[in-house]
$ cat entry.cif   # mmCIF, C-alpha atoms
data_query
loop_
_atom_site.label_atom_id
_atom_site.label_comp_id
_atom_site.auth_asym_id
_atom_site.auth_seq_id
_atom_site.Cartn_x
_atom_site.Cartn_y
_atom_site.Cartn_z
CA MET E 1 90.68 84.71 95.91
CA THR E 2 87.08 85.14 94.83
CA ASP E 3 86.64 87.91 92.31
CA THR E 4 84.15 90.60 93.26
CA ILE E 5 82.43 93.61 91.80
CA LEU E 6 83.36 97.09 92.98
CA GLU E 7 80.36 99.35 93.48
CA PRO E 8 81.72 102.78 94.25
CA ALA E 9 79.29 105.23 95.86
CA ILE E 10 79.54 108.29 93.62
CA GLU E 11 78.06 111.59 94.70
CA ASN E 12 76.91 113.83 91.86
CA PRO E 13 77.86 111.48 89.01
CA PRO E 14 78.06 113.15 85.58
CA VAL E 15 74.63 112.85 83.93
CA VAL E 16 75.12 115.10 80.90
CA PHE E 17 77.66 115.29 78.07
CA THR E 18 80.37 117.75 79.04
CA GLN E 19 83.83 118.98 78.07
CA ASP E 20 84.83 119.09 81.75
CA HIS E 21 87.71 116.95 83.05
CA ILE E 22 85.56 114.21 84.57
CA GLY E 23 87.04 110.93 85.85
CA TRP E 24 86.27 107.21 85.72
CA THR E 25 86.18 104.41 88.24
CA ALA E 26 86.28 100.67 87.60
CA TRP E 27 83.65 98.08 88.54
CA LEU E 28 86.29 95.32 88.55
CA GLN E 29 89.60 95.24 90.41
CA PRO E 30 92.44 96.79 88.38
CA LEU E 31 95.96 95.40 88.84
CA ALA E 32 97.76 97.13 91.70
CA GLU E 33 100.80 99.13 90.68
CA GLU E 34 103.10 96.92 92.76
CA ASP E 35 101.85 93.84 90.89
CA LEU E 36 102.73 95.18 87.44
CA SER E 37 105.49 93.27 85.63
CA ASP E 38 107.68 94.49 82.77
CA ARG E 39 105.21 92.79 80.44
CA HIS E 40 102.36 94.86 81.89
CA TYR E 41 104.34 98.08 81.52
CA GLU E 42 105.12 97.19 77.92
CA ALA E 43 101.40 96.60 77.33
CA LEU E 44 100.51 99.95 78.88
CA VAL E 45 102.80 101.57 76.23
CA ASP E 46 102.86 104.80 78.25
CA LYS E 47 104.07 104.03 81.80
CA ALA E 48 102.01 106.86 83.31
CA ARG E 49 98.92 104.81 82.45
CA ALA E 50 99.67 102.49 85.40
CA LYS E 51 97.99 105.23 87.50
CA SER E 52 94.78 104.94 85.46
CA SER E 53 92.30 102.40 86.83
CA TYR E 54 90.97 101.90 83.28
CA PHE E 55 94.33 100.90 81.83
CA ALA E 56 95.39 99.02 84.97
CA LEU E 57 92.21 96.93 84.60
CA LEU E 58 92.76 96.31 80.88
CA ALA E 59 96.38 95.27 81.68
CA ARG E 60 94.94 91.99 82.97
CA ASP E 61 95.04 90.91 79.30
CA PRO E 62 98.29 92.60 78.25
CA ASP E 63 98.56 91.38 74.66
CA ILE E 64 95.27 92.86 73.50
CA LEU E 65 95.81 96.03 75.52
CA GLN E 66 99.15 96.67 73.85
CA ALA E 67 97.85 96.07 70.32
CA ARG E 68 94.73 98.14 71.07
CA THR E 69 96.77 101.08 72.31
CA LYS E 70 99.14 101.07 69.34
CA THR E 71 96.16 100.93 66.97
CA ASP E 72 94.53 103.83 68.84
CA ASN E 73 97.68 105.97 68.84
CA ASP E 74 98.27 105.56 65.11
CA ILE E 75 94.64 106.27 64.16
CA PHE E 76 94.53 109.49 66.19
CA TYR E 77 98.08 110.82 66.45
CA ASN E 78 99.57 109.98 63.05
CA THR E 79 98.59 113.28 61.47
CA LYS E 80 101.43 114.05 59.09
CA ASP E 81 98.80 113.68 56.35
CA GLY E 82 95.15 112.76 55.97
CA LEU E 83 92.18 113.91 58.02
CA PRO E 84 93.05 116.77 60.41
CA ARG E 85 93.29 115.72 64.05
CA ALA E 86 90.31 117.93 64.96
CA GLU E 87 88.05 116.00 62.62
CA ARG E 88 89.28 112.59 63.82
CA GLU E 89 88.35 113.77 67.32
CA LEU E 90 85.01 115.07 66.02
CA SER E 91 84.32 111.60 64.64
CA ALA E 92 85.25 110.02 67.98
CA THR E 93 82.99 112.48 69.79
CA ALA E 94 80.06 111.75 67.45
CA ALA E 95 80.41 107.98 67.96
CA SER E 96 80.62 108.48 71.73
CA ARG E 97 77.59 110.81 71.72
CA LEU E 98 75.54 108.22 69.81
CA ASN E 99 76.59 105.25 71.93
CA GLY E 100 76.19 107.24 75.13
CA CYS E 101 79.73 107.24 76.51
CA ILE E 102 79.84 110.41 78.63
CA LEU E 103 83.48 109.89 79.65
CA CYS E 104 84.78 109.16 76.11
CA ALA E 105 82.83 112.13 74.76
CA SER E 106 84.31 114.45 77.40
CA VAL E 107 87.91 113.55 76.57
CA HIS E 108 87.54 113.64 72.80
CA SER E 109 85.29 116.70 72.65
CA ARG E 110 88.06 118.58 74.49
CA PHE E 111 90.56 117.40 71.88
CA ALA E 112 88.15 118.38 69.08
CA SER E 113 87.71 121.84 70.59
CA GLN E 114 91.43 122.32 71.16
CA HIS E 115 92.45 121.32 67.64
CA SER E 116 89.56 122.98 65.79
CA LYS E 117 89.25 126.16 67.90
CA ARG E 118 85.47 125.64 67.61
CA PRO E 119 84.46 124.79 71.21
CA GLU E 120 80.94 126.19 70.78
CA ASP E 121 80.19 123.92 67.83
CA VAL E 122 81.64 120.94 69.71
CA GLN E 123 79.45 121.81 72.69
CA LYS E 124 76.44 122.02 70.37
CA LEU E 125 77.10 118.41 69.32
CA LEU E 126 77.20 117.39 72.98
CA ASP E 127 74.10 119.40 73.93
CA GLU E 128 71.85 118.77 70.94
CA GLY E 129 73.12 115.37 69.87
CA VAL E 130 74.25 114.01 66.54
CA SER E 131 71.66 115.96 64.49
CA ALA E 132 73.09 119.34 65.58
CA ASP E 133 73.82 121.71 62.67
CA LEU E 134 77.58 122.33 62.65
CA GLY E 135 78.07 123.44 59.04
CA GLU E 136 78.13 121.07 56.09
CA ARG E 137 81.66 119.65 56.38
CA TRP E 138 81.23 118.77 60.06
CA ASN E 139 77.63 117.64 59.49
CA ALA E 140 78.90 115.20 56.83
CA ILE E 141 81.62 113.90 59.17
CA VAL E 142 79.17 113.45 62.06
CA ALA E 143 76.56 111.76 59.85
CA ALA E 144 79.14 109.31 58.48
CA SER E 145 80.46 108.54 61.98
CA VAL E 146 76.93 107.95 63.23
CA ALA E 147 76.07 105.68 60.29
CA LEU E 148 79.20 103.62 60.97
CA SER E 149 78.37 103.44 64.68
CA ALA E 150 74.82 102.16 64.19
CA THR E 151 74.47 98.43 64.85
CA PRO E 152 74.42 97.05 62.23
CA PRO E 153 76.36 99.86 60.51
CA VAL E 154 74.38 101.72 57.83
CA PHE E 155 77.31 103.61 56.26
CA GLY E 156 76.62 103.72 52.53
CA THR E 157 77.62 105.25 49.21
CA VAL E 158 75.47 108.27 50.06
CA HIS E 159 77.75 109.05 53.02
CA VAL E 160 80.91 108.70 50.94
CA GLU E 161 79.50 111.00 48.26
CA ARG E 162 78.49 113.60 50.83
CA LEU E 163 81.99 113.52 52.37
CA ARG E 164 83.63 113.90 48.94
CA LYS E 165 81.33 116.79 48.13
CA ALA E 166 82.32 118.41 51.44
CA GLY E 167 85.94 118.26 50.27
CA LEU E 168 87.29 115.07 51.86
CA THR E 169 89.72 112.92 49.86
CA ASP E 170 89.44 109.13 49.98
CA GLU E 171 92.52 109.11 52.22
CA GLU E 172 90.68 111.36 54.66
CA ILE E 173 87.52 109.25 54.43
CA SER E 174 89.60 106.18 55.27
CA ASP E 175 90.95 107.99 58.34
CA LEU E 176 87.37 108.87 59.34
CA ILE E 177 86.28 105.23 58.98
CA HIS E 178 89.10 104.18 61.30
CA SER E 179 88.41 106.94 63.86
CA ALA E 180 84.68 106.21 64.16
CA SER E 181 85.22 102.44 64.11
CA PHE E 182 87.86 102.66 66.82
CA PHE E 183 85.45 104.48 69.09
CA ASN E 184 83.00 101.63 68.80
CA TRP E 185 85.76 99.62 70.46
CA ALA E 186 86.69 102.25 73.05
CA ASN E 187 83.10 103.21 73.96
CA ARG E 188 82.17 99.61 74.76
CA LEU E 189 85.11 99.07 77.10
CA MET E 190 84.69 102.40 78.89
CA LEU E 191 80.90 102.02 79.24
CA SER E 192 80.90 98.44 80.45
CA LEU E 193 83.85 98.16 82.86
CA GLY E 194 83.16 101.18 85.07
CA GLU E 195 81.51 104.58 85.24
CA PRO E 196 82.29 108.29 85.13
CA THR E 197 83.05 110.31 88.25
CA PRO E 198 82.62 114.06 88.70
CA ALA E 199 85.27 116.64 87.90
CA ALA E 200 87.28 117.73 90.91
CA ALA E 201 85.76 120.85 92.48
CA ALA E 202 87.30 124.01 91.09
CA MET W 1 95.29 79.47 61.70
CA THR W 2 96.32 82.93 61.17
CA ASP W 3 99.88 83.41 60.11
CA THR W 4 99.25 83.95 56.44
CA ILE W 5 96.20 86.17 56.09
CA ASP W 6 95.65 89.80 56.94
CA ILE W 7 92.23 89.50 58.52
CA ILE W 8 90.78 92.87 57.47
CA ASP W 9 91.96 92.41 53.87
CA HIS W 10 90.52 88.91 53.94
CA LEU W 11 87.11 89.87 55.35
CA ALA W 12 86.78 92.98 53.17
CA GLY W 13 87.97 91.17 50.03
CA ILE W 14 90.80 93.67 49.49
CA GLN W 15 93.21 92.56 46.76
CA PRO W 16 96.83 93.76 46.60
CA GLU W 17 97.54 96.82 44.43
CA THR W 18 93.94 98.02 44.48
CA LYS W 19 92.86 101.49 45.60
CA THR W 20 91.73 100.20 48.99
CA ALA W 21 94.95 98.25 49.55
CA THR W 22 96.85 101.48 48.87
CA LEU W 23 94.67 103.33 51.39
CA ARG W 24 95.51 100.73 54.03
CA ASP W 25 99.22 100.67 53.12
CA ARG W 26 99.58 104.36 53.93
CA ARG W 27 98.85 103.49 57.56
CA PRO W 28 101.23 100.56 58.17
CA VAL W 29 101.17 100.89 61.97
CA THR W 30 97.37 100.72 62.05
CA ARG W 31 97.48 97.74 59.72
CA GLU W 32 100.07 95.97 61.86
CA HIS W 33 98.32 96.52 65.16
CA ALA W 34 94.78 95.83 63.93
CA GLN W 35 96.23 92.46 62.87
CA LYS W 36 98.08 91.99 66.18
CA SER W 37 94.86 92.79 68.06
CA TRP W 38 93.10 90.04 66.19
CA LEU W 39 95.95 87.59 66.87
CA ALA W 40 96.00 88.55 70.56
CA LEU W 41 92.33 87.58 70.82
CA PHE W 42 92.09 84.61 68.46
CA ALA W 43 95.58 83.07 68.64
CA PRO W 44 96.20 83.95 72.30
CA ALA W 45 99.20 82.98 74.39
CA GLU W 46 96.88 82.28 77.34
CA THR W 47 93.57 80.40 77.16
CA SER W 48 93.01 79.49 80.82
CA GLU W 49 90.38 82.22 81.37
CA VAL W 50 88.63 82.10 77.98
CA SER W 51 89.05 79.02 75.76
CA LEU W 52 89.48 79.18 72.00
CA ALA W 53 86.07 77.57 71.49
CA GLU W 54 84.50 80.24 73.73
CA ARG W 55 86.27 82.99 71.76
CA PHE W 56 84.98 81.67 68.44
CA ALA W 57 81.48 81.18 69.87
CA ILE W 58 81.47 84.80 71.11
CA ALA W 59 82.80 86.07 67.77
CA THR W 60 80.26 84.07 65.76
CA PHE W 61 77.43 85.45 67.86
CA ALA W 62 78.73 89.05 67.79
CA ALA W 63 79.27 89.02 64.02
CA SER W 64 75.87 87.47 63.41
CA LEU W 65 74.20 90.15 65.58
CA HIS W 66 75.88 92.70 63.30
CA ALA W 67 74.23 90.94 60.33
CA GLU W 68 77.61 90.50 58.63
CA PRO W 69 77.37 87.17 56.78
CA GLN W 70 81.00 86.95 55.62
CA THR W 71 82.50 87.74 59.02
CA THR W 72 79.99 85.42 60.69
CA ALA W 73 80.90 82.60 58.29
CA PHE W 74 84.60 83.09 59.01
CA TYR W 75 84.23 82.72 62.78
CA ALA W 76 81.52 80.05 62.45
CA GLU W 77 83.94 77.85 60.54
CA LYS W 78 86.48 78.18 63.35
CA LEU W 79 83.78 77.40 65.92
CA ALA W 80 82.62 74.35 63.98
CA GLY W 81 86.18 72.99 64.18
CA SER W 82 86.28 73.31 67.98
CA ASP W 83 85.22 70.76 70.60
CA ASN W 84 81.42 70.42 70.55
CA GLY W 85 81.54 73.19 67.95
CA ALA W 86 78.86 71.93 65.59
CA VAL W 87 76.26 71.74 68.37
CA LEU W 88 77.22 75.16 69.73
CA LEU W 89 77.15 76.67 66.24
CA SER W 90 73.63 75.49 65.54
CA THR W 91 72.32 76.93 68.82
CA ILE W 92 74.23 80.20 68.44
CA ALA W 93 73.12 80.72 64.84
CA THR W 94 69.45 80.34 65.82
CA LEU W 95 69.85 82.50 68.90
CA ALA W 96 71.43 85.28 66.82
CA GLU W 97 68.66 85.12 64.22
CA LEU W 98 66.06 85.53 66.95
CA SER W 99 67.82 88.25 68.92
CA ARG W 100 68.99 90.67 66.21
CA ALA W 101 68.04 94.29 66.78
CA GLU W 102 69.04 97.80 65.74
CA GLY W 103 71.25 99.69 68.13
CA PRO W 104 72.46 101.55 69.97
CA TYR W 105 69.63 101.75 72.49
CA GLY W 106 69.43 101.74 76.28
CA ASN W 107 69.17 104.11 79.19
CA TYR W 108 71.19 107.06 80.42
CA PRO W 109 71.83 107.82 84.08
CA ALA W 110 68.70 109.53 85.44
CA GLY W 111 68.76 113.23 84.61
CA PRO W 112 68.58 115.57 81.63
CA LEU W 113 69.45 112.77 79.18
CA SER W 114 66.56 110.56 80.30
CA PRO W 115 64.32 111.74 77.41
CA GLU W 116 66.90 110.13 75.09
CA ASN W 117 66.41 106.70 76.69
CA ALA W 118 65.46 104.17 74.02
CA ALA W 119 63.90 100.79 74.71
CA GLY W 120 64.95 97.63 72.90
CA PRO W 121 65.26 93.89 73.36
CA VAL W 122 67.23 92.38 76.24
CA LEU W 123 68.50 88.85 75.62
CA ALA W 124 67.58 86.25 78.24
CA ILE W 125 68.63 82.80 77.05
CA GLY W 126 66.07 80.09 77.82
CA GLU W 127 66.63 76.84 79.66
CA ALA W 128 66.96 74.61 76.60
CA ASP W 129 69.66 76.73 74.97
CA ARG W 130 71.35 77.25 78.33
CA ALA W 131 71.63 73.48 78.69
CA VAL W 132 73.45 73.27 75.35
CA LEU W 133 75.70 76.29 75.88
CA GLY W 134 76.50 75.78 79.55
CA THR W 135 76.11 78.39 82.27
CA LYS W 136 79.32 80.29 81.53
CA LEU W 137 78.92 80.64 77.77
CA ALA W 138 75.20 81.45 78.06
CA ALA W 139 75.97 84.32 80.44
CA GLY W 140 78.77 85.41 78.13
CA LEU W 141 76.44 85.55 75.12
CA GLU W 142 73.87 87.59 77.05
CA HIS W 143 76.66 90.05 77.78
CA VAL W 144 77.71 90.05 74.10
CA HIS W 145 74.16 91.11 73.18
CA LEU W 146 74.33 93.93 75.74
CA LEU W 147 77.70 95.17 74.47
CA VAL W 148 76.69 94.98 70.82
CA PHE W 149 73.32 96.77 71.04
CA ARG W 150 73.02 98.63 74.33
CA PRO W 151 76.44 99.30 75.82
CA ARG W 152 75.11 102.24 77.84
CA ASP W 153 72.97 99.78 79.83
CA ALA W 154 76.11 98.18 81.25
CA SER W 155 76.15 97.93 85.04
CA PRO W 156 77.85 96.27 88.00
CA THR W 157 74.85 93.92 88.05
CA ALA W 158 75.63 92.78 84.50
CA LEU W 159 79.22 92.04 85.53
CA GLN W 160 78.06 90.24 88.68
CA LYS W 161 76.00 87.89 86.48
CA LEU W 162 79.21 87.00 84.64
CA LEU W 163 81.17 86.38 87.85
CA SER W 164 78.30 84.24 89.17
CA ALA W 165 78.33 82.19 85.97
CA GLY W 166 82.03 81.36 86.31
CA TRP W 167 83.82 84.22 84.57
CA SER W 168 86.88 85.64 86.36
CA THR W 169 87.78 89.33 86.42
CA THR W 170 90.48 88.72 83.81
CA GLY W 171 88.08 86.62 81.76
CA ILE W 172 85.57 89.49 81.72
CA VAL W 173 88.29 91.86 80.48
CA THR W 174 89.05 89.46 77.62
CA LEU W 175 85.34 88.95 76.83
CA SER W 176 84.85 92.74 76.74
CA GLN W 177 87.88 93.20 74.48
CA LEU W 178 86.63 90.45 72.13
CA VAL W 179 83.24 92.05 71.56
CA SER W 180 84.56 95.62 71.48
CA PHE W 181 87.36 94.71 69.06
CA LEU W 182 84.85 92.99 66.78
CA ALA W 183 82.69 96.14 66.83
CA PHE W 184 85.78 97.90 65.42
CA GLN W 185 86.82 95.21 62.95
CA ILE W 186 83.33 94.80 61.50
CA ARG W 187 83.01 98.58 60.96
CA VAL W 188 86.43 98.97 59.34
CA VAL W 189 85.56 96.11 56.97
CA ALA W 190 82.10 97.55 56.20
CA GLY W 191 83.48 101.08 55.79
CA LEU W 192 86.34 100.13 53.48
CA LYS W 193 84.06 97.95 51.35
CA THR W 194 81.64 100.84 50.97
CA LEU W 195 84.44 103.28 50.13
CA ALA W 196 85.86 100.88 47.54
CA ALA W 197 82.47 100.56 45.86
CA ALA W 198 81.58 104.25 45.92
#
$ encode --input "entry.cif" --output "C-alpha cells"
Amino acid sequence: MTDTILEPAIENPPVVFTQDHIGWTAWLQPLAEEDLSDRHYEALVDKARAKSSYFALLARDPDILQARTKTDNDIFYNTKDGLPRAERELSATAASRLNGCILCASVHSRFASQHSKRPEDVQKLLDEGVSADLGERWNAIVAASVALSATPPVFGTVHVERLRKAGLTDEEISDLIHSASFFNWANRLMLSLGEPTPAAAA
Amino acid sequence: MTDTIDIIDHLAGIQPETKTATLRDRRPVTREHAQKSWLALFAPAETSEVSLAERFAIATFAASLHAEPQTTAFYAEKLAGSDNGAVLLSTIATLAELSRAEGPYGNYPAGPLSPENAAGPVLAIGEADRAVLGTKLAAGLEHVHLLVFRPRDASPTALQKLLSAGWSTTGIVTLSQLVSFLAFQIRVVAGLKTLAAA
C-alpha cells in the first residue's frame, strides 16, 4: 500500500490560544484499533489512548512511544514532592505558548488552571504571551521555561538565581527543567503530525 | 554501544554522588525512561524504516543546529563509524554550520495570532549536497531543520515531501520522535549543567 497524507477539511479551526477542549486530527494514517497488538497496547500504556488518533499514530513505533509516555507521566504526575503540579503545567503551557502549539497549550493550561485555581492568570499567559505579568514566582517560572525552549536554549545562571530568589529549591528547579524540556518534545510531535480541531459545539 | 552509559549523565558530565546526580536519583522513573527512550531510538529493535546511519545523521544534524558541541560530537562519532559515515559527516557538519538560526519562528494559522508570525531561514538543500546525502536523507534533514527551528510551520505539504522522497508513514513517526526527543535531551542536559554550575 502506498502511504498517503490525510488532509482533513476543518471548518473553524482554532486560531487562538484557548483553554477550551479542542481536538486534534492526524495528517498521517494512525493504526486502526483492530490492528493493534498486545505490544501496541503495552506501548500506549493507557488502553483508552487507542481511541486517540495522536497516540494511535505514534504507536507505529511502539518502543519510543512507551518510553516517551512513561517519561511524561513521571515528570508531570509524580508530585509527592518537588515542584507543585500547577507549576509543572505552567511550565508546559509557557513552552507550548512560545513554540506555538495551540493544542498542547489548551490541554496544559486547563491543568494549570485546575491545580493553581488561577484561571485568569493562566488565560493572561495565553492571551498576552510569555511576557505577561503573572506575579514574580510565575514570571520566573515562565521566563526559565521560555529560555529553555529557545533554540538554542539560553537558560543561564541568571534564570536559576531568579528561581531561587522566588523561593524554588534546586529539586523544584530540576522538575521545572524536565517539564519545560519535555514540552519541547511534545510540542514538536503535536505540531508536525496533525492539527487542532474545534471544540464540540456547546 | 549503549549498555554501560547513562546518556544524560554522560552528555552533561554528571559524576556519581554529586549534587546533580542526587537530583536525578530522586526521579528514578524519569531517569529510567529517558534512557529507554534513547535506546529505543538509537539501539532500535527495528531498522527497516530508518537505518542506524540515518538515525545518527539526523541526530548529528539536530544537535549541531542546537549549537551543542558535546552532544554533536557524540552522535558524529557514531555517524562516522557507519557505512559512508565519514562522507555524510563532512557534508552534514558544513550544512549545519550554514543553516543555524535562532528559534522558534514561523507562522500561525491566519487570524488574531498573525501579528506574532516571525520570519526565519528555511533550509533547501542544494543539488551537490543532495547528491552526497541521497534523496531520502536530504528530505529528512530539511524536515529536521523545520522541527528544530520552526515547528509551527509544519504542514501536510512538509510530510508529503518526505513521503515523496521515500519515507514511509512509520518512518516519519520515527524521524519526528528522533528530532523531538533530541529537543528534550539537549535541554535537560543544558538545564542540569547550568543548575550544577549556578
$ closest_atom_pairs --input "entry.cif" --of "region 58-85 of chain W" --to "region 93-103 of chain W" --cutoff "9 Å" --atoms "all atoms listed in the file" --output "tab-separated table"
residue	atom	partner	partner_atom	distance
W:Thr60	CA	W:Ala93	CA	7.9
W:Phe61	CA	W:Ala96	CA	6.1
W:Ala62	CA	W:Ala96	CA	8.3
W:Ser64	CA	W:Ala96	CA	6.0
W:Leu65	CA	W:Arg100	CA	5.3
W:His66	CA	W:Arg100	CA	7.7
W:Ala67	CA	W:Arg100	CA	7.9
W:Ala76	CA	W:Ala93	CA	8.8
$ write_last_selection --input "entry.cif" --atoms "C-alpha atoms" --output "CSV table (one decimal), keeping the file's coordinate frame"
chain,number,residue,atom,x,y,z
W,60,THR,CA,80.3,84.1,65.8
W,61,PHE,CA,77.4,85.4,67.9
W,62,ALA,CA,78.7,89.0,67.8
W,64,SER,CA,75.9,87.5,63.4
W,65,LEU,CA,74.2,90.2,65.6
W,66,HIS,CA,75.9,92.7,63.3
W,67,ALA,CA,74.2,90.9,60.3
W,76,ALA,CA,81.5,80.0,62.4
$ interface_residues --input "entry.cif" --of "chain W" --to "chain E" --cutoff "8 Å" --atoms "only C-alpha atoms" --output "PyMOL selection string"
chain W and resi 23+27+29-30+33-34+36-37+40-41+65-67+101-105+108-113+147-152+154-156+159-160+163+168-170+173-174+176-177+180-185+187-188+190-192+194-195+197-198
$ write_last_selection --input "entry.cif" --atoms "C-alpha atoms" --output "PDB file, in the coordinates of the input"
ATOM      1  CA  LEU W  23      94.670 103.330  51.390  1.00  0.00           C
ATOM      2  CA  ARG W  27      98.850 103.490  57.560  1.00  0.00           C
ATOM      3  CA  VAL W  29     101.170 100.890  61.970  1.00  0.00           C
ATOM      4  CA  THR W  30      97.370 100.720  62.050  1.00  0.00           C
ATOM      5  CA  HIS W  33      98.320  96.520  65.160  1.00  0.00           C
ATOM      6  CA  ALA W  34      94.780  95.830  63.930  1.00  0.00           C
ATOM      7  CA  LYS W  36      98.080  91.990  66.180  1.00  0.00           C
ATOM      8  CA  SER W  37      94.860  92.790  68.060  1.00  0.00           C
ATOM      9  CA  ALA W  40      96.000  88.550  70.560  1.00  0.00           C
ATOM     10  CA  LEU W  41      92.330  87.580  70.820  1.00  0.00           C
ATOM     11  CA  LEU W  65      74.200  90.150  65.580  1.00  0.00           C
ATOM     12  CA  HIS W  66      75.880  92.700  63.300  1.00  0.00           C
ATOM     13  CA  ALA W  67      74.230  90.940  60.330  1.00  0.00           C
ATOM     14  CA  ALA W 101      68.040  94.290  66.780  1.00  0.00           C
ATOM     15  CA  GLU W 102      69.040  97.800  65.740  1.00  0.00           C
ATOM     16  CA  GLY W 103      71.250  99.690  68.130  1.00  0.00           C
ATOM     17  CA  PRO W 104      72.460 101.550  69.970  1.00  0.00           C
ATOM     18  CA  TYR W 105      69.630 101.750  72.490  1.00  0.00           C
ATOM     19  CA  TYR W 108      71.190 107.060  80.420  1.00  0.00           C
ATOM     20  CA  PRO W 109      71.830 107.820  84.080  1.00  0.00           C
ATOM     21  CA  ALA W 110      68.700 109.530  85.440  1.00  0.00           C
ATOM     22  CA  GLY W 111      68.760 113.230  84.610  1.00  0.00           C
ATOM     23  CA  PRO W 112      68.580 115.570  81.630  1.00  0.00           C
ATOM     24  CA  LEU W 113      69.450 112.770  79.180  1.00  0.00           C
ATOM     25  CA  LEU W 147      77.700  95.170  74.470  1.00  0.00           C
ATOM     26  CA  VAL W 148      76.690  94.980  70.820  1.00  0.00           C
ATOM     27  CA  PHE W 149      73.320  96.770  71.040  1.00  0.00           C
ATOM     28  CA  ARG W 150      73.020  98.630  74.330  1.00  0.00           C
ATOM     29  CA  PRO W 151      76.440  99.300  75.820  1.00  0.00           C
ATOM     30  CA  ARG W 152      75.110 102.240  77.840  1.00  0.00           C
ATOM     31  CA  ALA W 154      76.110  98.180  81.250  1.00  0.00           C
ATOM     32  CA  SER W 155      76.150  97.930  85.040  1.00  0.00           C
ATOM     33  CA  PRO W 156      77.850  96.270  88.000  1.00  0.00           C
ATOM     34  CA  LEU W 159      79.220  92.040  85.530  1.00  0.00           C
ATOM     35  CA  GLN W 160      78.060  90.240  88.680  1.00  0.00           C
ATOM     36  CA  LEU W 163      81.170  86.380  87.850  1.00  0.00           C
ATOM     37  CA  SER W 168      86.880  85.640  86.360  1.00  0.00           C
ATOM     38  CA  THR W 169      87.780  89.330  86.420  1.00  0.00           C
ATOM     39  CA  THR W 170      90.480  88.720  83.810  1.00  0.00           C
ATOM     40  CA  VAL W 173      88.290  91.860  80.480  1.00  0.00           C
ATOM     41  CA  THR W 174      89.050  89.460  77.620  1.00  0.00           C
ATOM     42  CA  SER W 176      84.850  92.740  76.740  1.00  0.00           C
ATOM     43  CA  GLN W 177      87.880  93.200  74.480  1.00  0.00           C
ATOM     44  CA  SER W 180      84.560  95.620  71.480  1.00  0.00           C
ATOM     45  CA  PHE W 181      87.360  94.710  69.060  1.00  0.00           C
ATOM     46  CA  LEU W 182      84.850  92.990  66.780  1.00  0.00           C
ATOM     47  CA  ALA W 183      82.690  96.140  66.830  1.00  0.00           C
ATOM     48  CA  PHE W 184      85.780  97.900  65.420  1.00  0.00           C
ATOM     49  CA  GLN W 185      86.820  95.210  62.950  1.00  0.00           C
ATOM     50  CA  ARG W 187      83.010  98.580  60.960  1.00  0.00           C
ATOM     51  CA  VAL W 188      86.430  98.970  59.340  1.00  0.00           C
ATOM     52  CA  ALA W 190      82.100  97.550  56.200  1.00  0.00           C
ATOM     53  CA  GLY W 191      83.480 101.080  55.790  1.00  0.00           C
ATOM     54  CA  LEU W 192      86.340 100.130  53.480  1.00  0.00           C
ATOM     55  CA  THR W 194      81.640 100.840  50.970  1.00  0.00           C
ATOM     56  CA  LEU W 195      84.440 103.280  50.130  1.00  0.00           C
ATOM     57  CA  ALA W 197      82.470 100.560  45.860  1.00  0.00           C
ATOM     58  CA  ALA W 198      81.580 104.250  45.920  1.00  0.00           C
TER      59      ALA W 198
END
$ closest_residue --input "entry.cif" --among "E:Ala92, E:Leu168, E:Leu36, E:Leu44" --to "Val122 (chain E)" --atoms "all atoms listed in the file"
E:Ala92
$ atom_distance --input "entry.cif" --atom1 "CA of Ala63 (chain W)" --atom2 "CA of Leu89 (chain W)"
12.7 Å
$ resolve_selection --input "entry.cif" --expression "the PyMOL selection byres ((chain W and resi 77-82) around 10)" --output "PDB file with C-alpha atoms, in the coordinates of the input"
ATOM      1  CA  MET W   1      95.290  79.470  61.700  1.00  0.00           C
ATOM      2  CA  PHE W  42      92.090  84.610  68.460  1.00  0.00           C
ATOM      3  CA  LEU W  52      89.480  79.180  72.000  1.00  0.00           C
ATOM      4  CA  ALA W  53      86.070  77.570  71.490  1.00  0.00           C
ATOM      5  CA  GLU W  54      84.500  80.240  73.730  1.00  0.00           C
ATOM      6  CA  ARG W  55      86.270  82.990  71.760  1.00  0.00           C
ATOM      7  CA  PHE W  56      84.980  81.670  68.440  1.00  0.00           C
ATOM      8  CA  ALA W  57      81.480  81.180  69.870  1.00  0.00           C
ATOM      9  CA  ILE W  58      81.470  84.800  71.110  1.00  0.00           C
ATOM     10  CA  ALA W  59      82.800  86.070  67.770  1.00  0.00           C
ATOM     11  CA  THR W  60      80.260  84.070  65.760  1.00  0.00           C
ATOM     12  CA  THR W  72      79.990  85.420  60.690  1.00  0.00           C
ATOM     13  CA  ALA W  73      80.900  82.600  58.290  1.00  0.00           C
ATOM     14  CA  PHE W  74      84.600  83.090  59.010  1.00  0.00           C
ATOM     15  CA  TYR W  75      84.230  82.720  62.780  1.00  0.00           C
ATOM     16  CA  ALA W  76      81.520  80.050  62.450  1.00  0.00           C
ATOM     17  CA  ASP W  83      85.220  70.760  70.600  1.00  0.00           C
ATOM     18  CA  ASN W  84      81.420  70.420  70.550  1.00  0.00           C
ATOM     19  CA  GLY W  85      81.540  73.190  67.950  1.00  0.00           C
ATOM     20  CA  ALA W  86      78.860  71.930  65.590  1.00  0.00           C
ATOM     21  CA  VAL W  87      76.260  71.740  68.370  1.00  0.00           C
ATOM     22  CA  LEU W  88      77.220  75.160  69.730  1.00  0.00           C
ATOM     23  CA  LEU W  89      77.150  76.670  66.240  1.00  0.00           C
ATOM     24  CA  SER W  90      73.630  75.490  65.540  1.00  0.00           C
TER      25      SER W  90
END
$ resolve_selection --input "entry.cif" --expression "the PyMOL selection byres ((chain E and resi 52) around 10)" --output "list in words"
Gly23, Trp24, Thr25, Ala26, Pro30, Glu33, Ala48, Arg49, Ala50, Lys51, Ser53, Tyr54, Phe55, Ala56, Leu57 and Leu58 of chain E
$ closest_residue --input "entry.cif" --among "E:Leu83, E:Ala9, E:Leu134, E:Ile22" --to "His108 (chain E)" --atoms "all atoms listed in the file"
E:Ile22
$ atom_distance --input "entry.cif" --atom1 "CA of Ala139 (chain W)" --atom2 "CA of Ala165 (chain W)"
6.4 Å
$ atom_distance --input "entry.cif" --atom1 "CA of Ala105 (chain E)" --atom2 "CA of His21 (chain E)"
10.8 Å
$ closest_residue --input "entry.cif" --among "E:Ile141, E:Ala86, E:Ala95, E:Cys104" --to "Lys117 (chain E)" --atoms "only C-alpha atoms"
E:Ala86
